[in-house]
file coords-v7.json (JSON, C-alpha atoms)
[["chain", "number", "residue", "atom", "x", "y", "z"],
["A", 1, "MET", "CA", 16.18, 0.85, 25.45],
["A", 2, "LYS", "CA", 16.20, 2.44, 28.89],
["A", 3, "ASP", "CA", 16.63, 6.09, 28.03],
["A", 4, "PHE", "CA", 14.34, 8.31, 30.14],
["A", 5, "ILE", "CA", 14.18, 11.23, 27.69],
["A", 6, "LEU", "CA", 13.47, 8.96, 24.74],
["A", 7, "LYS", "CA", 10.63, 7.24, 26.60],
["A", 8, "ARG", "CA", 8.98, 10.50, 27.68],
["A", 9, "ILE", "CA", 9.27, 12.08, 24.22],
["A", 10, "ALA", "CA", 7.87, 8.93, 22.64],
["A", 11, "ALA", "CA", 4.98, 8.90, 25.12],
["A", 12, "ILE", "CA", 4.10, 12.45, 24.03],
["A", 13, "ILE", "CA", 4.58, 12.03, 20.28],
["A", 14, "LEU", "CA", 3.45, 8.48, 19.47],
["A", 15, "PRO", "CA", -0.29, 8.90, 20.21],
["A", 16, "PHE", "CA", -0.37, 11.80, 17.77],
["A", 17, "VAL", "CA", 1.54, 9.78, 15.18],
["A", 18, "CYS", "CA", -1.03, 7.00, 15.55],
["A", 19, "ILE", "CA", -3.95, 9.41, 15.19],
["A", 20, "TYR", "CA", -2.24, 11.09, 12.24],
["A", 21, "GLY", "CA", -1.98, 7.68, 10.56],
["A", 22, "PHE", "CA", -5.73, 7.21, 10.92],
["A", 23, "TYR", "CA", -6.25, 10.77, 9.66],
["A", 24, "VAL", "CA", -4.21, 10.13, 6.52],
["A", 25, "ILE", "CA", -6.05, 6.87, 5.89],
["A", 26, "LEU", "CA", -9.52, 8.36, 6.38],
["A", 27, "HIS", "CA", -8.76, 11.54, 4.41],
["A", 28, "GLY", "CA", -7.04, 9.68, 1.58],
["A", 29, "HIS", "CA", -9.76, 10.69, -0.86],
["A", 30, "VAL", "CA", -9.91, 14.41, -0.07],
["A", 31, "SER", "CA", -6.29, 15.36, 0.65],
["A", 32, "PRO", "CA", -2.82, 14.19, -0.36],
["A", 33, "GLY", "CA", -1.86, 10.87, 1.12],
["A", 34, "GLY", "CA", -3.85, 7.70, 0.93],
["A", 35, "SER", "CA", -4.33, 4.32, 2.45],
["A", 36, "PHE", "CA", -0.83, 3.01, 1.73],
["A", 37, "ALA", "CA", 0.96, 6.05, 3.16],
["A", 38, "GLY", "CA", -1.40, 6.23, 6.14],
["A", 39, "GLY", "CA", -0.99, 2.54, 6.84],
["A", 40, "ILE", "CA", 2.77, 2.96, 6.90],
["A", 41, "ILE", "CA", 2.45, 5.86, 9.39],
["A", 42, "LEU", "CA", 0.06, 3.85, 11.57],
["A", 43, "GLY", "CA", 2.36, 0.82, 11.54],
["A", 44, "LEU", "CA", 5.37, 3.03, 12.21],
["A", 45, "SER", "CA", 3.82, 4.31, 15.45],
["A", 46, "PHE", "CA", 3.54, 0.75, 16.75],
["A", 47, "ILE", "CA", 7.02, -0.13, 15.51],
["A", 48, "ALA", "CA", 8.53, 2.91, 17.26],
["A", 49, "TYR", "CA", 6.61, 1.99, 20.43],
["A", 50, "SER", "CA", 7.95, -1.55, 20.51],
["A", 51, "THR", "CA", 11.45, -0.40, 19.60],
["A", 52, "ILE", "CA", 11.54, 2.03, 22.52],
["A", 53, "TYR", "CA", 9.56, 0.15, 25.18],
["A", 54, "GLY", "CA", 10.50, -3.41, 24.16],
["A", 55, "THR", "CA", 8.84, -6.01, 22.01],
["A", 56, "GLU", "CA", 6.92, -7.57, 24.93],
["A", 57, "LYS", "CA", 5.07, -4.31, 25.65],
["A", 58, "GLY", "CA", 4.43, -3.84, 21.96],
["A", 59, "ARG", "CA", 3.00, -7.34, 21.84],
["A", 60, "ALA", "CA", 0.74, -6.44, 24.76],
["A", 61, "LYS", "CA", -0.63, -3.48, 22.77],
["A", 62, "LEU", "CA", -1.13, -5.51, 19.62],
["A", 63, "PRO", "CA", -1.61, -9.20, 20.41],
["A", 64, "GLU", "CA", -0.91, -11.78, 17.75],
["A", 65, "ARG", "CA", -4.64, -12.57, 17.62],
["A", 66, "VAL", "CA", -5.48, -9.01, 16.51],
["A", 67, "LEU", "CA", -2.70, -8.99, 13.94],
["A", 68, "THR", "CA", -3.79, -12.34, 12.51],
["A", 69, "TRP", "CA", -7.37, -11.09, 12.36],
["A", 70, "THR", "CA", -6.58, -7.85, 10.50],
["A", 71, "GLU", "CA", -4.06, -9.67, 8.34],
["A", 72, "SER", "CA", -6.63, -12.21, 7.22],
["A", 73, "TYR", "CA", -9.78, -10.14, 6.99],
["A", 74, "GLY", "CA", -8.32, -6.99, 5.39],
["A", 75, "THR", "CA", -8.32, -8.49, 1.93],
["A", 76, "LEU", "CA", -11.68, -10.18, 2.57],
["A", 77, "TRP", "CA", -13.12, -6.77, 3.47],
["A", 78, "TYR", "CA", -11.87, -5.47, 0.13],
["A", 79, "VAL", "CA", -13.52, -8.37, -1.71],
["A", 80, "MET", "CA", -16.75, -7.82, 0.23],
["A", 81, "MET", "CA", -16.76, -4.17, -0.86],
["A", 82, "GLY", "CA", -16.29, -5.41, -4.42],
["A", 83, "MET", "CA", -19.24, -7.77, -3.98],
["A", 84, "VAL", "CA", -21.53, -4.74, -3.56],
["A", 85, "GLY", "CA", -21.25, -4.31, -7.32],
["A", 86, "ILE", "CA", -22.16, -7.94, -7.98],
["A", 87, "VAL", "CA", -25.17, -7.74, -5.66],
["A", 88, "ARG", "CA", -26.42, -4.69, -7.56],
["A", 89, "GLY", "CA", -25.97, -6.50, -10.87],
["A", 90, "VAL", "CA", -22.96, -4.54, -12.21],
["A", 91, "PRO", "CA", -19.28, -5.55, -12.57],
["A", 92, "PHE", "CA", -17.08, -6.48, -9.62],
["A", 93, "LEU", "CA", -15.72, -3.49, -7.64],
["A", 94, "ALA", "CA", -18.02, -1.00, -9.36],
["A", 95, "ASN", "CA", -18.58, 2.22, -7.44],
["A", 96, "LYS", "CA", -20.65, 4.77, -9.35],
["A", 97, "LEU", "CA", -22.19, 2.08, -11.53],
["A", 98, "ALA", "CA", -23.45, 0.28, -8.42],
["A", 99, "GLY", "CA", -25.59, 3.28, -7.56],
["A", 100, "VAL", "CA", -23.63, 4.21, -4.43],
["A", 101, "ASP", "CA", -24.21, 7.80, -3.34],
["A", 102, "LEU", "CA", -20.99, 9.68, -4.13],
["A", 103, "GLY", "CA", -21.77, 12.65, -1.89],
["A", 104, "VAL", "CA", -20.37, 16.16, -2.09],
["A", 105, "PRO", "CA", -16.74, 16.22, -3.35],
["A", 106, "GLY", "CA", -14.46, 17.30, -0.52],
["A", 107, "ALA", "CA", -16.62, 15.96, 2.29],
["A", 108, "LEU", "CA", -15.32, 13.08, 4.38],
["A", 109, "SER", "CA", -18.27, 10.92, 3.38],
["A", 110, "SER", "CA", -17.72, 11.45, -0.35],
["A", 111, "GLY", "CA", -16.47, 8.85, -2.76],
["A", 112, "GLY", "CA", -18.90, 6.07, -1.94],
["A", 113, "LEU", "CA", -17.02, 2.82, -1.40],
["A", 114, "ILE", "CA", -13.57, 4.37, -1.88],
["A", 115, "SER", "CA", -13.18, 5.54, 1.71],
["A", 116, "LEU", "CA", -14.33, 2.14, 3.05],
["A", 117, "ILE", "CA", -11.92, 0.28, 0.76],
["A", 118, "GLY", "CA", -9.16, 2.72, 1.76],
["A", 119, "LEU", "CA", -9.76, 2.04, 5.45],
["A", 120, "GLY", "CA", -9.40, -1.70, 4.83],
["A", 121, "VAL", "CA", -6.23, -1.29, 2.78],
["A", 122, "GLY", "CA", -4.68, 1.07, 5.34],
["A", 123, "ILE", "CA", -5.23, -1.25, 8.29],
["A", 124, "ARG", "CA", -4.02, -4.11, 6.10],
["A", 125, "VAL", "CA", -0.72, -2.32, 5.30],
["A", 126, "ALA", "CA", -0.22, -1.37, 8.96],
["A", 127, "SER", "CA", -0.75, -4.94, 10.17],
["A", 128, "THR", "CA", 1.58, -6.24, 7.46],
["A", 129, "ILE", "CA", 4.45, -3.98, 8.44],
["A", 130, "VAL", "CA", 3.93, -4.60, 12.17],
["A", 131, "THR", "CA", 3.77, -8.38, 11.66],
["A", 132, "LEU", "CA", 7.00, -8.32, 9.67],
["A", 133, "PHE", "CA", 8.68, -6.24, 12.38],
["A", 134, "PHE", "CA", 7.53, -8.49, 15.24],
["A", 135, "THR", "CA", 8.51, -11.64, 13.37],
["A", 136, "MET", "CA", 12.00, -10.37, 12.69],
["A", 137, "MET", "CA", 12.49, -9.01, 16.21],
["A", 138, "GLU", "CA", 11.41, -12.23, 17.87],
["A", 139, "GLU", "CA", 13.49, -14.28, 15.50],
["A", 140, "GLU", "CA", 16.56, -12.32, 16.55],
["A", 141, "SER", "CA", 16.10, -12.76, 20.29],
["B", 1, "MET", "CA", 39.08, -17.68, -23.47],
["B", 2, "LYS", "CA", 40.40, -14.53, -25.15],
["B", 3, "ILE", "CA", 38.11, -14.97, -28.16],
["B", 4, "LYS", "CA", 35.16, -15.50, -25.85],
["B", 5, "ASN", "CA", 35.89, -12.24, -24.03],
["B", 6, "ILE", "CA", 36.14, -10.34, -27.30],
["B", 7, "LEU", "CA", 32.86, -11.87, -28.44],
["B", 8, "ILE", "CA", 31.16, -10.84, -25.20],
["B", 9, "LEU", "CA", 32.52, -7.31, -25.60],
["B", 10, "LEU", "CA", 31.21, -7.17, -29.16],
["B", 11, "VAL", "CA", 27.74, -8.32, -28.08],
["B", 12, "VAL", "CA", 27.66, -5.78, -25.27],
["B", 13, "LEU", "CA", 28.74, -2.98, -27.58],
["B", 14, "LEU", "CA", 26.10, -3.97, -30.12],
["B", 15, "ALA", "CA", 23.41, -4.00, -27.44],
["B", 16, "THR", "CA", 24.58, -0.61, -26.17],
["B", 17, "TYR", "CA", 24.45, 0.77, -29.70],
["B", 18, "GLY", "CA", 20.92, -0.54, -30.18],
["B", 19, "ILE", "CA", 19.69, 0.86, -26.88],
["B", 20, "LEU", "CA", 21.30, 4.25, -27.53],
["B", 21, "MET", "CA", 19.68, 4.42, -30.97],
["B", 22, "ALA", "CA", 16.32, 3.58, -29.39],
["B", 23, "VAL", "CA", 16.79, 6.30, -26.77],
["B", 24, "ALA", "CA", 17.71, 8.81, -29.45],
["B", 25, "GLU", "CA", 14.39, 8.11, -31.18],
["B", 26, "LEU", "CA", 12.37, 8.90, -28.05],
["B", 27, "PRO", "CA", 10.14, 11.99, -28.17],
["B", 28, "PRO", "CA", 11.40, 14.99, -26.18],
["B", 29, "TYR", "CA", 10.50, 14.94, -22.51],
["B", 30, "GLY", "CA", 7.40, 16.75, -21.34],
["B", 31, "MET", "CA", 6.01, 17.77, -24.75],
["B", 32, "PRO", "CA", 2.21, 18.00, -24.89],
["B", 33, "ASP", "CA", 1.88, 15.94, -28.08],
["B", 34, "ASN", "CA", 3.87, 12.95, -26.78],
["B", 35, "PRO", "CA", 2.27, 9.50, -27.26],
["B", 36, "VAL", "CA", 1.96, 9.04, -23.46],
["B", 37, "HIS", "CA", -0.59, 11.86, -23.28],
["B", 38, "ASN", "CA", -3.32, 9.77, -24.85],
["B", 39, "GLN", "CA", -7.03, 9.56, -24.19],
["B", 40, "VAL", "CA", -6.54, 7.47, -21.02],
["B", 41, "SER", "CA", -4.77, 10.17, -19.02],
["B", 42, "GLU", "CA", -7.07, 12.79, -20.55],
["B", 43, "ARG", "CA", -10.08, 10.82, -19.33],
["B", 44, "TYR", "CA", -8.61, 10.53, -15.83],
["B", 45, "ILE", "CA", -7.82, 14.22, -15.59],
["B", 46, "ASN", "CA", -11.13, 15.45, -16.97],
["B", 47, "GLU", "CA", -13.63, 13.04, -15.46],
["B", 48, "ALA", "CA", -12.11, 11.56, -12.31],
["B", 49, "LEU", "CA", -14.13, 13.89, -10.09],
["B", 50, "GLU", "CA", -17.35, 13.18, -11.92],
["B", 51, "ASP", "CA", -16.82, 9.42, -12.06],
["B", 52, "THR", "CA", -15.74, 8.86, -8.47],
["B", 53, "GLY", "CA", -16.58, 11.97, -6.45],
["B", 54, "VAL", "CA", -13.06, 12.00, -5.03],
["B", 55, "LEU", "CA", -10.77, 15.03, -4.96],
["B", 56, "ASN", "CA", -7.49, 13.10, -4.75],
["B", 57, "MET", "CA", -6.96, 11.82, -8.28],
["B", 58, "VAL", "CA", -4.36, 9.26, -7.22],
["B", 59, "THR", "CA", -6.85, 7.66, -4.85],
["B", 60, "ALA", "CA", -9.47, 7.77, -7.58],
["B", 61, "ILE", "CA", -7.19, 5.82, -9.92],
["B", 62, "VAL", "CA", -5.80, 3.41, -7.32],
["B", 63, "LEU", "CA", -9.05, 2.56, -5.53],
["B", 64, "ASP", "CA", -11.63, 2.99, -8.26],
["B", 65, "TYR", "CA", -10.35, 2.75, -11.84],
["B", 66, "ARG", "CA", -7.63, 0.26, -10.91],
["B", 67, "ALA", "CA", -9.36, -1.28, -7.91],
["B", 68, "TYR", "CA", -8.82, -4.80, -9.19],
["B", 69, "ASP", "CA", -5.07, -4.15, -9.35],
["B", 70, "THR", "CA", -5.03, -2.82, -5.78],
["B", 71, "MET", "CA", -6.97, -5.85, -4.55],
["B", 72, "PHE", "CA", -4.26, -8.17, -5.80],
["B", 73, "GLU", "CA", -1.66, -5.79, -4.41],
["B", 74, "THR", "CA", -3.08, -6.47, -0.95],
["B", 75, "ILE", "CA", -3.01, -10.19, -1.73],
["B", 76, "VAL", "CA", 0.66, -9.80, -2.66],
["B", 77, "LEU", "CA", 1.23, -8.12, 0.73],
["B", 78, "PHE", "CA", -0.55, -11.03, 2.42],
["B", 79, "THR", "CA", 1.56, -13.58, 0.55],
["B", 80, "ALA", "CA", 4.79, -11.76, 1.36],
["B", 81, "THR", "CA", 3.93, -11.63, 5.07],
["B", 82, "LEU", "CA", 2.95, -15.29, 4.99],
["B", 83, "ALA", "CA", 6.24, -16.27, 3.37],
["B", 84, "VAL", "CA", 8.33, -14.26, 5.86],
["B", 85, "VAL", "CA", 6.43, -15.56, 8.89],
["B", 86, "ILE", "CA", 6.58, -19.18, 7.72],
["B", 87, "THR", "CA", 10.29, -18.98, 6.90],
["B", 88, "LEU", "CA", 11.40, -17.27, 10.11],
["B", 89, "LYS", "CA", 9.17, -19.20, 12.51],
["B", 90, "SER", "CA", 10.02, -22.63, 11.13],
["B", 91, "TRP", "CA", 13.70, -21.71, 11.10],
["B", 92, "LYS", "CA", 13.47, -20.73, 14.80],
["B", 93, "LYS", "CA", 11.81, -24.01, 15.74],
["B", 94, "GLU", "CA", 14.51, -25.98, 13.97],
["B", 95, "GLY", "CA", 17.19, -24.08, 15.90],
["B", 96, "GLU", "CA", 15.52, -24.89, 19.19],
["B", 97, "ARG", "CA", 15.56, -28.60, 18.55]]

call {"tool": "encode", "arguments": {"input": "coords-v7.json", "output": "structure tokens"}}
result
Amino acid sequence: MKDFILKRIAAIILPFVCIYGFYVILHGHVSPGGSFAGGIILGLSFIAYSTIYGTEKGRAKLPERVLTWTESYGTLWYVMMGMVGIVRGVPFLANKLAGVDLGVPGALSSGGLISLIGLGVGIRVASTIVTLFFTMMEEES
Amino acid sequence: MKIKNILILLVVLLATYGILMAVAELPPYGMPDNPVHNQVSERYINEALEDTGVLNMVTAIVLDYRAYDTMFETIVLFTATLAVVITLKSWKKEGER
């Protein structure tokens, strides 16, 4: 698309949309939202960017190497967080049982492994939706 | 053909009757003594904060109590992406040939 107004408005809004996606992912355990919703917002910012500025520029922001990396290691990160329980000698994916410090409820660092797992899931969802979008766009052209 | 249609209609009506009778037996919506409000939801509501230290109860259930389920949910996402990418990319290569 070659609309001047659209490009300028997107240049103003999209960085905030991207940061808001990270905010929703990281605050998934203290406020409404969560890793799935935040991942969708984060992926949407990249999708809107490549819709407005063209798929080539979107590809330059998020190369296929990065997408493959997050795509592959997102789930592995989740499993590694689950392994913390096994290392401590309690069931897989245990949180409080594994002796992780839960912190003060309401603080960003609370919840032990939950925020770390949520970060992995959020980036995973974002990379999934962006990969699907890029694949379909490049298939069309 | 006619008899077959009538038979199908009869079967459908019977199934509709059965389903409607089952729906009529359901407990009223939103009552506090419904069977859905069992000890599982009670446990989540009362002790989610203590068990997980998380204010958002949905996150507590999704990423702690049901963490195993969410792990395979991400694997489902991975598989879906893999299937789409494989299908579309191989189709494109075939078209180029």

call {"tool": "interface_residues", "arguments": {"input": "coords-v7.json", "of": "chain A", "to": "chain B", "cutoff": "6 Å", "atoms": "all atoms listed in the file", "output": "PyMOL selection string"}}
result
chain A and resi 29-31+102+105+111

call {"tool": "atom_distance", "arguments": {"input": "coords-v7.json", "atom1": "CA of Gly120 (chain A)", "atom2": "CA of Glu42 (chain B)"}}
result
29.3 Å

call {"tool": "residues_around", "arguments": {"input": "coords-v7.json", "residues": "region 126-141 of chain A", "least_positions_apart": "2", "cutoff": "10 Å", "atoms": "only C-alpha atoms", "output": "MDAnalysis selection string"}}
result
(chainID A and resid 21 35:47 50:51 54:56 58:59 62 64 66:72 74 121:124) or (chainID B and resid 74 77:78 80:82 84:89 91:93)

call {"tool": "axis_aligned_box", "arguments": {"input": "coords-v7.json", "around": "region 117-128 of chain A", "padding_each_side": "4 Å", "output": "lines of an AutoDock Vina configuration file"}}
result
center_x = -5.2
center_y = -1.8
center_z = 5.5
size_x = 21.5
size_y = 17.0
size_z = 17.4

call {"tool": "residues_around", "arguments": {"input": "coords-v7.json", "residues": "Ser115 (chain A)", "least_positions_apart": "6", "cutoff": "8 Å", "atoms": "all atoms listed in the file", "output": "PDB file with C-alpha atoms, in the coordinates of the input"}}
result
ATOM      1  CA  LEU A  26      -9.520   8.360   6.380  1.00  0.00           C
ATOM      2  CA  HIS A  27      -8.760  11.540   4.410  1.00  0.00           C
ATOM      3  CA  GLY A  28      -7.040   9.680   1.580  1.00  0.00           C
ATOM      4  CA  HIS A  29      -9.760  10.690  -0.860  1.00  0.00           C
ATOM      5  CA  SER A 109     -18.270  10.920   3.380  1.00  0.00           C
TER       6      SER A 109
END

call {"tool": "atom_distance", "arguments": {"input": "coords-v7.json", "atom1": "CA of Tyr49 (chain A)", "atom2": "CA of Ala11 (chain A)"}}
result
8.5 Å

call {"tool": "build_atoms", "arguments": {"input": "coords-v7.json", "residues": "region 78-105 of chain A", "atoms": "N, CA and C atoms", "output": "PDB file, in the coordinates of the input"}}
result
ATOM      1  N   TYR A  78     -11.983  -6.045   1.477  1.00  0.00           N
ATOM      2  CA  TYR A  78     -11.870  -5.470   0.130  1.00  0.00           C
ATOM      3  C   TYR A  78     -12.782  -6.227  -0.831  1.00  0.00           C
ATOM      4  N   VAL A  79     -12.709  -7.560  -0.792  1.00  0.00           N
ATOM      5  CA  VAL A  79     -13.520  -8.370  -1.710  1.00  0.00           C
ATOM      6  C   VAL A  79     -15.004  -8.179  -1.415  1.00  0.00           C
ATOM      7  N   MET A  80     -15.355  -8.046  -0.127  1.00  0.00           N
ATOM      8  CA  MET A  80     -16.750  -7.820   0.230  1.00  0.00           C
ATOM      9  C   MET A  80     -17.244  -6.493  -0.333  1.00  0.00           C
ATOM     10  N   MET A  81     -16.394  -5.451  -0.273  1.00  0.00           N
ATOM     11  CA  MET A  81     -16.760  -4.170  -0.860  1.00  0.00           C
ATOM     12  C   MET A  81     -16.938  -4.319  -2.367  1.00  0.00           C
ATOM     13  N   GLY A  82     -16.117  -5.175  -2.995  1.00  0.00           N
ATOM     14  CA  GLY A  82     -16.290  -5.410  -4.420  1.00  0.00           C
ATOM     15  C   GLY A  82     -17.587  -6.141  -4.716  1.00  0.00           C
ATOM     16  N   MET A  83     -18.024  -6.989  -3.781  1.00  0.00           N
ATOM     17  CA  MET A  83     -19.240  -7.770  -3.980  1.00  0.00           C
ATOM     18  C   MET A  83     -20.491  -6.893  -4.032  1.00  0.00           C
ATOM     19  N   VAL A  84     -20.382  -5.658  -3.493  1.00  0.00           N
ATOM     20  CA  VAL A  84     -21.530  -4.740  -3.560  1.00  0.00           C
ATOM     21  C   VAL A  84     -21.953  -4.556  -5.013  1.00  0.00           C
ATOM     22  N   GLY A  85     -20.954  -4.443  -5.898  1.00  0.00           N
ATOM     23  CA  GLY A  85     -21.250  -4.310  -7.320  1.00  0.00           C
ATOM     24  C   GLY A  85     -21.988  -5.513  -7.861  1.00  0.00           C
ATOM     25  N   ILE A  86     -21.541  -6.715  -7.457  1.00  0.00           N
ATOM     26  CA  ILE A  86     -22.160  -7.940  -7.980  1.00  0.00           C
ATOM     27  C   ILE A  86     -23.591  -8.068  -7.477  1.00  0.00           C
ATOM     28  N   VAL A  87     -23.814  -7.669  -6.209  1.00  0.00           N
ATOM     29  CA  VAL A  87     -25.170  -7.740  -5.660  1.00  0.00           C
ATOM     30  C   VAL A  87     -26.107  -6.819  -6.418  1.00  0.00           C
ATOM     31  N   ARG A  88     -25.590  -5.634  -6.817  1.00  0.00           N
ATOM     32  CA  ARG A  88     -26.420  -4.690  -7.560  1.00  0.00           C
ATOM     33  C   ARG A  88     -26.543  -5.048  -9.040  1.00  0.00           C
ATOM     34  N   GLY A  89     -25.848  -6.078  -9.480  1.00  0.00           N
ATOM     35  CA  GLY A  89     -25.970  -6.500 -10.870  1.00  0.00           C
ATOM     36  C   GLY A  89     -25.068  -5.773 -11.840  1.00  0.00           C
ATOM     37  N   VAL A  90     -23.938  -5.217 -11.349  1.00  0.00           N
ATOM     38  CA  VAL A  90     -22.960  -4.540 -12.210  1.00  0.00           C
ATOM     39  C   VAL A  90     -21.612  -5.211 -11.965  1.00  0.00           C
ATOM     40  N   PRO A  91     -20.563  -4.850 -12.747  1.00  0.00           N
ATOM     41  CA  PRO A  91     -19.280  -5.550 -12.570  1.00  0.00           C
ATOM     42  C   PRO A  91     -18.713  -5.488 -11.155  1.00  0.00           C
ATOM     43  N   PHE A  92     -17.786  -6.414 -10.901  1.00  0.00           N
ATOM     44  CA  PHE A  92     -17.080  -6.480  -9.620  1.00  0.00           C
ATOM     45  C   PHE A  92     -16.355  -5.167  -9.347  1.00  0.00           C
ATOM     46  N   LEU A  93     -16.412  -4.690  -8.099  1.00  0.00           N
ATOM     47  CA  LEU A  93     -15.720  -3.490  -7.640  1.00  0.00           C
ATOM     48  C   LEU A  93     -16.235  -2.217  -8.304  1.00  0.00           C
ATOM     49  N   ALA A  94     -17.465  -2.225  -8.799  1.00  0.00           N
ATOM     50  CA  ALA A  94     -18.020  -1.000  -9.360  1.00  0.00           C
ATOM     51  C   ALA A  94     -18.408  -0.058  -8.233  1.00  0.00           C
ATOM     52  N   ASN A  95     -18.270   1.237  -8.489  1.00  0.00           N
ATOM     53  CA  ASN A  95     -18.580   2.220  -7.440  1.00  0.00           C
ATOM     54  C   ASN A  95     -19.757   3.102  -7.852  1.00  0.00           C
ATOM     55  N   LYS A  96     -19.554   3.897  -8.907  1.00  0.00           N
ATOM     56  CA  LYS A  96     -20.650   4.770  -9.350  1.00  0.00           C
ATOM     57  C   LYS A  96     -21.722   3.951 -10.062  1.00  0.00           C
ATOM     58  N   LEU A  97     -21.267   2.934 -10.790  1.00  0.00           N
ATOM     59  CA  LEU A  97     -22.190   2.080 -11.530  1.00  0.00           C
ATOM     60  C   LEU A  97     -23.139   1.351 -10.595  1.00  0.00           C
ATOM     61  N   ALA A  98     -22.636   1.038  -9.367  1.00  0.00           N
ATOM     62  CA  ALA A  98     -23.450   0.280  -8.420  1.00  0.00           C
ATOM     63  C   ALA A  98     -24.516   1.130  -7.764  1.00  0.00           C
ATOM     64  N   GLY A  99     -24.561   2.426  -8.113  1.00  0.00           N
ATOM     65  CA  GLY A  99     -25.590   3.280  -7.560  1.00  0.00           C
ATOM     66  C   GLY A  99     -25.296   3.766  -6.159  1.00  0.00           C
ATOM     67  N   VAL A 100     -23.998   3.713  -5.757  1.00  0.00           N
ATOM     68  CA  VAL A 100     -23.630   4.210  -4.430  1.00  0.00           C
ATOM     69  C   VAL A 100     -23.640   5.726  -4.468  1.00  0.00           C
ATOM     70  N   ASP A 101     -24.158   6.339  -3.408  1.00  0.00           N
ATOM     71  CA  ASP A 101     -24.210   7.800  -3.340  1.00  0.00           C
ATOM     72  C   ASP A 101     -22.800   8.354  -3.188  1.00  0.00           C
ATOM     73  N   LEU A 102     -22.370   9.189  -4.151  1.00  0.00           N
ATOM     74  CA  LEU A 102     -20.990   9.680  -4.130  1.00  0.00           C
ATOM     75  C   LEU A 102     -20.808  10.867  -3.206  1.00  0.00           C
ATOM     76  N   GLY A 103     -21.884  11.546  -2.842  1.00  0.00           N
ATOM     77  CA  GLY A 103     -21.770  12.650  -1.890  1.00  0.00           C
ATOM     78  C   GLY A 103     -21.170  13.897  -2.499  1.00  0.00           C
ATOM     79  N   VAL A 104     -20.947  14.892  -1.651  1.00  0.00           N
ATOM     80  CA  VAL A 104     -20.370  16.160  -2.090  1.00  0.00           C
ATOM     81  C   VAL A 104     -18.855  16.002  -2.166  1.00  0.00           C
ATOM     82  N   PRO A 105     -18.202  16.343  -3.293  1.00  0.00           N
ATOM     83  CA  PRO A 105     -16.740  16.220  -3.350  1.00  0.00           C
ATOM     84  C   PRO A 105     -16.073  17.115  -2.315  1.00  0.00           C
TER      85      PRO A 105
END
